[in-house]
Structures are given as C-alpha cells and as structure tokens.
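A.B. asks: Structure file my_file-v1.txt (compact mmCIF, C-alpha atoms) is given on the next line.
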# COMPACT_ATOMS: atom_id res chain seq x y z
CA MET I 14 -3.65 4.02 -2.91
CA ILE I 15 -3.91 7.67 -1.82
CA PRO I 16 -7.23 8.48 -0.02
CA GLN I 17 -9.83 9.69 -2.57
CA SER I 18 -10.54 13.05 -0.93
CA VAL I 19 -6.80 13.88 -0.85
CA SER I 20 -6.04 12.93 -4.46
CA HIS I 21 -9.19 14.78 -5.72
CA ALA I 22 -7.94 18.08 -4.30
CA VAL I 23 -4.17 17.64 -4.48
CA ALA I 24 -3.78 16.28 -8.03
CA PRO I 25 -5.11 19.38 -9.90
CA ALA I 26 -3.37 21.71 -7.41
CA LEU I 27 -0.01 20.05 -8.13
CA VAL I 28 -0.50 20.35 -11.89
CA VAL I 29 -1.31 24.09 -11.56
CA LEU I 30 1.63 24.62 -9.17
CA GLY I 31 3.96 22.84 -11.60
CA ALA I 32 2.73 25.02 -14.50
CA VAL I 33 3.27 28.21 -12.47
CA LEU I 34 6.79 27.10 -11.48
CA ALA I 35 7.66 26.14 -15.08
CA ALA I 36 6.41 29.54 -16.31
CA ALA I 37 8.45 31.35 -13.62
CA ASN I 38 11.56 29.35 -14.58
CA TRP I 39 10.98 30.17 -18.27
CA TYR I 40 10.68 33.88 -17.41
CA LEU I 41 13.94 33.86 -15.39
CA GLN I 42 15.95 31.57 -17.71
CA PRO I 43 14.63 32.06 -21.26
CA GLN I 44 17.78 30.45 -22.74
CA ARG I 45 16.56 27.00 -21.51
CA SER I 46 13.17 27.34 -23.16
CA THR I 47 13.20 23.77 -24.54
CA ALA I 48 13.40 22.27 -21.03
CA TRP I 49 10.56 24.46 -19.73
CA ALA I 50 8.42 23.75 -22.79
CA ALA I 51 8.94 20.01 -22.25
CA SER I 52 7.93 20.42 -18.58
CA LEU I 53 4.79 22.30 -19.58
CA LEU I 54 4.00 19.62 -22.15
CA LEU I 55 4.33 16.89 -19.48
CA LEU I 56 2.10 18.88 -17.12
CA GLY I 57 -0.40 19.21 -19.96
CA GLY I 58 -0.34 15.43 -20.24
CA LEU I 59 -1.08 15.14 -16.52
CA ALA I 60 -4.00 17.58 -16.93
CA VAL I 61 -5.40 15.42 -19.75
CA ALA I 62 -5.03 12.34 -17.50
CA LEU I 63 -7.03 14.15 -14.82
CA LEU I 64 -9.78 14.95 -17.31
CA VAL I 65 -9.91 11.27 -18.31
CA ALA I 66 -10.11 10.31 -14.60
CA ARG I 67 -12.99 12.76 -14.16
CA ARG I 68 -14.88 11.10 -17.02
CA LEU I 69 -14.22 7.64 -15.61
CA THR I 70 -15.52 8.66 -12.16
CA SER I 71 -19.05 8.97 -13.59
CA ASN I 72 -19.02 5.22 -14.32
CA PRO I 73 -19.17 3.32 -10.98
CA ALA I 74 -17.50 0.25 -12.51
CA ARG I 75 -14.42 2.25 -13.53
CA ARG I 76 -14.07 4.39 -10.42
CA GLY I 77 -11.08 2.30 -9.28
CA ALA I 78 -9.24 3.10 -12.53
CA ALA I 79 -9.97 6.81 -12.04
CA ASP I 80 -8.51 6.70 -8.52
CA SER I 81 -5.39 4.95 -9.80
CA ILE I 82 -4.92 7.67 -12.45
CA ARG I 83 -5.33 10.41 -9.81
CA SER I 84 -2.79 8.72 -7.50
CA GLY I 85 -0.32 8.53 -10.40
CA VAL I 86 -0.87 12.22 -11.16
CA VAL I 87 -0.22 13.10 -7.49
CA PHE I 88 3.14 11.30 -7.53
CA ALA I 89 4.21 12.59 -10.97
CA GLY I 90 3.01 16.12 -10.12
CA SER I 91 4.92 16.04 -6.79
CA ILE I 92 8.16 15.03 -8.52
CA MET I 93 7.76 17.76 -11.17
CA ALA I 94 6.75 20.48 -8.69
CA ILE I 95 9.70 19.64 -6.41
CA SER I 96 12.21 19.66 -9.29
CA LEU I 97 10.87 22.89 -10.80
CA GLY I 98 10.66 24.55 -7.37
CA ALA I 99 14.26 23.61 -6.58
CA LYS I 100 15.41 24.90 -9.99
CA LEU I 101 13.65 28.19 -9.30
CA ALA I 102 15.22 28.38 -5.83
CA THR I 103 18.69 27.81 -7.35
CA THR I 104 18.10 30.56 -9.92
CA LEU I 105 16.94 32.94 -7.21
CA GLY I 106 20.10 32.29 -5.16
CA GLY I 107 19.48 29.15 -3.05
CA GLY I 108 22.77 27.18 -3.32
CA GLN I 109 21.51 23.75 -2.15
CA GLY I 110 18.52 23.70 -4.52
CA ALA I 111 19.80 20.98 -6.85
CA ASP I 112 20.76 18.59 -4.02
CA LEU I 113 17.48 19.14 -2.24
CA SER I 114 15.56 18.64 -5.47
CA THR I 115 17.26 15.29 -6.13
CA ARG I 116 16.68 14.09 -2.57
CA ALA I 117 13.04 15.19 -2.48
CA SER I 118 12.25 13.64 -5.89
CA MET I 119 13.82 10.34 -4.84
CA VAL I 120 11.89 10.33 -1.55
CA VAL I 121 8.68 10.79 -3.56
CA ILE I 122 9.70 7.86 -5.78
CA GLY I 123 10.33 5.77 -2.64
CA ALA I 124 6.88 6.76 -1.35
CA PHE I 125 5.42 5.69 -4.71
CA PHE I 126 6.97 2.21 -4.31
CA MET I 127 5.51 2.02 -0.80
CA PHE I 128 2.00 3.00 -1.92
CA THR I 129 2.12 0.60 -4.87
CA GLY I 130 3.40 -2.27 -2.70
CA ASN I 131 0.82 -1.56 -0.02
CA ALA I 132 -2.06 -1.88 -2.48
CA LEU I 133 -0.64 -4.92 -4.30
CA PRO I 134 -2.19 -7.70 -2.12
CA LYS I 135 -5.59 -6.00 -2.44
CA THR I 136 -5.76 -6.47 -6.22
CA LEU I 137 -7.41 -9.85 -6.64
CA THR I 138 -7.85 -11.82 -9.84
CA PRO I 139 -11.07 -13.89 -10.02
CA LEU I 140 -10.37 -17.47 -8.92
CA ALA I 141 -11.66 -18.89 -12.20
CA ALA I 142 -9.08 -16.86 -14.15
CA LEU I 143 -6.12 -18.11 -12.09
CA LYS I 144 -3.83 -20.62 -13.77
CA CYS I 145 -1.90 -21.59 -10.59
CA ASP I 146 -2.80 -22.69 -7.09
CA PRO I 147 -4.70 -19.73 -5.48
CA ALA I 148 -2.79 -20.22 -2.21
CA ARG I 149 0.55 -19.75 -3.98
CA VAL I 150 -0.70 -16.71 -5.90
CA GLN I 151 -1.91 -15.17 -2.64
CA ALA I 152 1.41 -15.89 -0.92
CA PHE I 153 3.27 -14.34 -3.87
CA GLN I 154 1.11 -11.20 -3.83
CA ARG I 155 1.57 -10.75 -0.08
CA LEU I 156 5.32 -11.24 -0.32
CA SER I 157 5.63 -8.86 -3.31
CA GLY I 158 3.62 -6.23 -1.44
CA TRP I 159 5.83 -6.48 1.64
CA ILE I 160 9.01 -6.38 -0.46
CA TRP I 161 7.90 -3.26 -2.36
CA VAL I 162 6.92 -1.50 0.86
CA ILE I 163 10.24 -2.33 2.55
CA THR I 164 12.21 -1.47 -0.61
CA GLY I 165 10.36 1.85 -0.95
CA LEU I 166 10.97 2.66 2.71
CA GLY I 167 14.67 1.81 2.42
CA TYR I 168 14.91 3.82 -0.83
CA ALA I 169 13.33 6.90 0.75
CA VAL I 170 15.41 6.63 3.94
CA ALA I 171 18.63 6.18 1.91
CA TRP I 172 17.95 9.36 -0.08
CA LEU I 173 16.96 11.23 3.08
CA ALA I 174 19.83 10.23 5.34
CA LEU I 175 22.88 9.19 3.27
CA PRO I 176 25.34 11.46 1.43
CA LEU I 177 24.30 11.87 -2.23
CA ASP I 178 27.20 9.87 -3.69
CA LEU I 179 26.38 6.95 -1.37
CA ALA I 180 22.58 7.20 -1.59
CA LYS I 181 22.55 6.34 -5.32
CA PRO I 182 24.33 2.94 -5.14
CA VAL I 183 22.58 1.98 -1.89
CA SER I 184 19.10 2.78 -3.22
CA LEU I 185 19.87 1.01 -6.51
CA ALA I 186 21.15 -2.06 -4.63
CA LEU I 187 17.96 -2.07 -2.55
CA LEU I 188 15.80 -1.84 -5.65
CA MET I 189 17.72 -4.58 -7.45
CA SER I 190 17.56 -6.96 -4.48
CA GLY I 191 13.82 -6.35 -4.14
CA MET I 192 13.31 -7.11 -7.82
CA LEU I 193 15.51 -10.22 -7.62
CA VAL I 194 13.47 -11.65 -4.75
CA ILE I 195 10.24 -11.02 -6.66
CA VAL I 196 11.62 -12.56 -9.88
CA GLY I 197 12.81 -15.56 -7.82
CA GLN I 198 9.30 -15.96 -6.43
CA ILE I 199 7.79 -15.76 -9.94
CA VAL I 200 10.17 -18.51 -11.11
CA ARG I 201 9.29 -20.64 -8.06
CA LEU I 202 5.57 -20.10 -8.62
CA ARG I 203 5.65 -20.78 -12.36
CA TRP I 204 8.12 -23.64 -12.71
CA LEU I 205 8.91 -25.25 -9.34
CA MET J 19 -11.30 -1.75 10.09
CA PHE J 20 -10.37 -1.47 13.77
CA LYS J 21 -13.81 -2.84 14.69
CA ALA J 22 -13.17 -5.80 12.39
CA LEU J 23 -9.78 -6.50 13.97
CA SER J 24 -11.01 -6.10 17.55
CA ASP J 25 -12.67 -9.52 17.70
CA PRO J 26 -10.48 -12.63 18.28
CA THR J 27 -12.70 -14.85 16.09
CA ARG J 28 -12.40 -12.45 13.16
CA ARG J 29 -8.64 -12.22 13.70
CA ARG J 30 -8.45 -16.02 13.64
CA VAL J 31 -10.45 -16.07 10.38
CA LEU J 32 -7.95 -13.67 8.83
CA GLN J 33 -5.08 -15.79 10.12
CA LEU J 34 -6.59 -18.91 8.51
CA LEU J 35 -7.15 -17.07 5.24
CA ARG J 36 -3.51 -16.03 5.21
CA GLU J 37 -2.66 -19.65 4.40
CA ARG J 38 -5.09 -20.09 1.50
CA PRO J 39 -8.58 -19.15 0.28
CA MET J 40 -11.23 -21.21 2.11
CA THR J 41 -14.91 -21.99 1.75
CA ALA J 42 -17.39 -20.71 4.31
CA GLY J 43 -17.87 -24.30 5.54
CA GLU J 44 -14.13 -24.94 5.99
CA LEU J 45 -13.81 -21.76 8.01
CA SER J 46 -16.90 -22.42 10.13
CA ASP J 47 -15.60 -25.91 10.99
CA GLN J 48 -12.64 -24.33 12.78
CA PHE J 49 -14.87 -22.54 15.31
CA SER J 50 -17.38 -23.67 17.88
CA VAL J 51 -19.90 -20.95 17.07
CA SER J 52 -23.16 -21.13 15.14
CA LYS J 53 -23.26 -20.58 11.39
CA PRO J 54 -25.31 -17.34 11.62
CA THR J 55 -22.68 -15.92 14.03
CA MET J 56 -19.90 -16.89 11.63
CA SER J 57 -21.85 -15.34 8.78
CA ALA J 58 -22.07 -12.09 10.77
CA HIS J 59 -18.31 -12.16 11.32
CA PHE J 60 -17.75 -12.67 7.58
CA SER J 61 -20.02 -9.70 6.84
CA VAL J 62 -18.05 -7.42 9.18
CA LEU J 63 -14.77 -8.48 7.56
CA GLN J 64 -16.22 -7.98 4.09
CA GLU J 65 -17.55 -4.52 4.95
CA ALA J 66 -14.12 -3.55 6.25
CA GLY J 67 -12.65 -4.67 2.91
CA LEU J 68 -10.37 -7.24 4.55
CA ILE J 69 -11.81 -10.30 2.78
CA GLU J 70 -13.61 -10.96 -0.48
CA ALA J 71 -16.26 -13.57 -1.18
CA GLU J 72 -16.48 -15.35 -4.50
CA LYS J 73 -19.24 -17.76 -5.52
CA SER J 74 -18.13 -21.05 -7.00
CA GLY J 75 -21.13 -23.22 -7.78
CA ARG J 76 -22.98 -23.63 -4.47
CA MET J 77 -19.96 -22.71 -2.38
CA ILE J 78 -18.76 -19.32 -1.22
CA ILE J 79 -14.98 -19.01 -1.21
CA TYR J 80 -13.44 -16.36 1.01
CA ARG J 81 -10.09 -14.76 0.16
CA LEU J 82 -7.84 -12.39 1.99
CA LYS J 83 -7.93 -8.81 0.68
CA MET J 84 -5.57 -6.99 3.02
CA SER J 85 -3.07 -4.29 2.19
CA VAL J 86 0.44 -4.54 3.66
CA LEU J 87 -0.46 -1.91 6.26
CA GLU J 88 -3.59 -3.83 7.32
CA ASP J 89 -1.54 -7.04 7.41
CA ALA J 90 1.02 -5.39 9.70
CA LEU J 91 -1.77 -4.00 11.87
CA LEU J 92 -3.29 -7.47 12.20
CA GLY J 93 0.09 -8.84 13.31
CA PHE J 94 0.45 -6.03 15.84
CA VAL J 95 -3.07 -6.47 17.26
CA GLN J 96 -2.55 -10.23 17.43
CA THR J 97 0.72 -9.87 19.37
CA LEU J 98 -0.89 -7.36 21.69
CA GLY J 99 -3.95 -9.59 22.15
CA SER J 100 -1.90 -12.71 22.97
CA ARG J 101 0.26 -10.77 25.46
CA MET J 102 -2.81 -9.40 27.22
CA LYS J 103 -4.31 -12.89 27.28
CA ALA J 104 -1.10 -14.28 28.81
CA ARG J 105 -1.07 -11.49 31.40
CA THR J 106 -4.71 -12.10 32.33
CA ARG J 107 -4.01 -15.82 32.68
CA LEU J 108 -0.96 -15.10 34.85
CA ALA J 109 -2.97 -12.76 37.08
CA ALA J 110 -5.74 -15.37 37.40
CA ASN J 111 -3.19 -18.08 38.33
CA ARG J 112 -1.67 -15.79 40.97
CA GLY J 113 -5.14 -15.17 42.42
CA VAL J 114 -5.81 -18.91 42.63
CA LYS J 115 -2.44 -19.53 44.32
CA ARG J 116 -3.06 -16.71 46.84
CA ARG J 117 -6.51 -18.11 47.65
CA ARG J 118 -5.06 -21.61 48.14
CA LEU J 119 -2.32 -20.24 50.43
CA LYS J 120 -4.94 -18.41 52.51
CA GLU J 121 -7.03 -21.52 52.76
CA ALA J 122 -3.98 -23.54 53.86
How does this structure look as structure tokens?

C.D. replies:
Amino acid sequence: MIPQSVSHAVAPALVVLGAVLAAANWYLQPQRSTAWAASLLLLGGLAVALLVARRLTSNPARRGAADSIRSGVVFAGSIMAISLGAKLATTLGGGQGADLSTRASMVVIGAFFMFTGNALPKTLTPLAALKCDPARVQAFQRLSGWIWVITGLGYAVAWLALPLDLAKPVSLALLMSGMLVIVGQIVRLRWL
Amino acid sequence: MFKALSDPTRRRVLQLLRERPMTAGELSDQFSVSKPTMSAHFSVLQEAGLIEAEKSGRMIIYRLKMSVLEDALLGFVQTLGSRMKARTRLAANRGVKRRRLKEA
C-alpha cells in the first residue's frame, strides 16, 4: 500500500490535475467532446471515492478501507493524468506523445501489480474462518504476493525497455504465466 | 522494522513462522531463553507489524504478517548475518591457529 501521507496529498492533486488536463484538451479539440466528457465523468467518480474515503477515515475500524481507496485513486488518477497529458502534448505538437502515454500508463499498471502483490501476504483472515490448513494458506499468500510483485516488475520493465510491438505480447505472456501459477496453486490448495 | 530484524532470535522466530503459524509455547521451545525474554521479542515483532497474535482458547497463536518487501529484506539480512558470522568464526579460528603456532 502507498504510504498514508503520500496518498493523502497526491490523490486529490492527481484528480485536480486530470480535470485541468481534460478541460484543456476539450478547449483545444472540441470535436472530441464525448471523450473529454467521459474523462471528466471518471475523474468525478474518483473525487466521490475520495470523499467516501474521507468519511471512512473518521471511523478507526475502517481506516484500512479508506487507505485502500486512496491508493486506488492514486493509481487510477496517475493513469488518467498521464494519458490526458500525453494527448495534450500531441495536440500541442509533441510527436511521441501517444507512445509515451502508452508506455507510462503501462508502467503505472505494472507498479499497481507490484503494490498489490507486496501487500497481499499482509492481509490475514482470522484462523477460525479458514477452511484449509493455515500453513498452506500462508504459503499460498506468500507465493501469490511474490508472483504479483515479480510479474508487475517484469510488466513495467517490458513496457519501459522493449519496442512497443514487442512489449505488448511479452507483458501479456508475463501476466498470463503469473495468473497460471496462482491458479495452479489454488487448485493444489483446494483439491490436492 | 529494522530494529525488529536486527536481532538473530527475532529473525529465527520469523523464519520458523514462515513454515506455519505457531503457538507461543511451540516457538519458545525452540530457544534457550526465558519466557519473558521471548515475550519481549514477540512484542517487538508485533509492534513492527511483522507478526500477528491471535487468541485461541488459552493459547496465543502467532502468524507471519510480512509484505513481500519485508520478506525480501529478512532474506537479505539473514544472508548478510550468516556471512558475517562465518567471517567472524574464520577470523577466530585463524587467531587460535596463530597462537598455537607461536606456542609451538
């Protein structure tokens, strides 16, 4: 999970930045108004999520949920701000904007996998609620966490370093193999 | 967290918990230190958020609660610790040999 102090400040800033970029894009390319309106609508949704997180923060028992919402808003806001910024750069004359936007968005998605995987072994179910051997559940959670972190890292590196037409199949193959290993572990845990 | 990982006993506790959740008694049996000392070690690990205690009847069951990054850090510290231990042992052995040679 993203550190609390960072997500508290960055999440609303990213939503505002995204709204400004969407408005600037709308001003420069009014013929694509539907796309910009949809972007603004999504950003509105993120703002509502932040308001919900703010309400949840007042309840100590639900502070964890609020932090998760803020982390999600940081990742979604980053992807939107990067895409809208690159679109604006392309309109204003930057030729590589679209490529850069794709790469940057995919790196953020890779980072999201890494953050999610990193926090996975820390989410514990009460022992009484477990239906399998706790040792196996723990081993599965640790393995899943490691796989998501490595997959996310590989995904981000592939989109950073490989040519665009190669990055897509490589990152997809990485993602699929990560998922296959996890599904295999679930099958082993549940039925074997 | 670094304070929690700096002690070899606490690192060993984490290593044991990697295998499966264990009761306080099971963990204490693995070490030749007093129960209050072990309890203090558990408290440090709990404060660092590396383990979680759950009451089950009269027993306390400890479980690992480490993120992937913390897990990797534990592995790194453990490797570093064992290498330093081996080096210290090697240096001590050399000292003993030198002393014996001098005496001879």

A.B. asks: When you look at Asp89 (chain J) with a cut-off of 12 Å (counting all atoms listed in the file), what residues show up, excluding the ones that are within fewer than 4 positions of it in the same chain? I need them as a list of chain:residue names.

C.D. replies: I:Asn131, I:Ala132, I:Leu133, I:Pro134, I:Lys135, I:Arg155, I:Leu156, I:Gly158, I:Trp159, J:Met19, J:Leu23, J:Arg29, J:Leu32, J:Gln33, J:Leu35, J:Arg36, J:Leu68, J:Ile69, J:Leu82, J:Lys83, J:Met84, J:Ser85, J:Gly93, J:Phe94, J:Val95, J:Gln96

A.B. asks: Would you mind listing what lies within 10 Å of Gly123 (chain I) as a ChimeraX atom specification, with all atoms listed in the file counted and same-chain residues fewer than 3 positions away left out?

C.D. replies: /I:117-120,126-129,161-172,184,188

A.B. asks: Quick one: residues within 6 Å of region 38-53 of chain J, all atoms listed in the file, excluding same-chain residues fewer than 3 positions away - as an mmCIF file with C-alpha atoms, in the frame of the given file?

C.D. replies:
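Dumped to around-v8.cif:
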data_model
loop_
_atom_site.group_PDB
_atom_site.id
_atom_site.type_symbol
_atom_site.label_atom_id
_atom_site.label_comp_id
_atom_site.auth_asym_id
_atom_site.auth_seq_id
_atom_site.Cartn_x
_atom_site.Cartn_y
_atom_site.Cartn_z
ATOM 1 C CA ALA I 148 -2.790 -20.220 -2.210
ATOM 2 C CA LEU J 35 -7.150 -17.070 5.240
ATOM 3 C CA MET J 56 -19.900 -16.890 11.630
ATOM 4 C CA ILE J 78 -18.760 -19.320 -1.220
ATOM 5 C CA ILE J 79 -14.980 -19.010 -1.210
ATOM 6 C CA TYR J 80 -13.440 -16.360 1.010
ATOM 7 C CA ARG J 81 -10.090 -14.760 0.160
#

A.B. asks: My list of candidates is J:Ser24, J:Ser57, J:Ser74, J:Ser100. Which is closest to chain I when distances are computed with all atoms listed in the file?

C.D. replies: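 Checking each candidate against chain I, we get J:Ser74 as the closest.
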
A.B. asks: How far is it from CA of Ile92 (chain I) to CA of Ser114 (chain I), in Å with one decimal?

C.D. replies: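 The value is 8.8 Å.
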
A.B. asks: Within 12 Å of Leu54 (chain I), counting only C-alpha atoms, which residues qualify if same-chain residues fewer than 5 places away don't, as JSON, numbers by chain?

C.D. replies: {"I": [28, 31, 32, 35, 36, 47, 48, 49, 59, 60, 61, 93]}

A.B. asks: Please indicate the distance in Å from CA of Leu140 (chain I) to CA of Glu72 (chain J), rounded to one decimal place.

C.D. replies: 7.8 Å
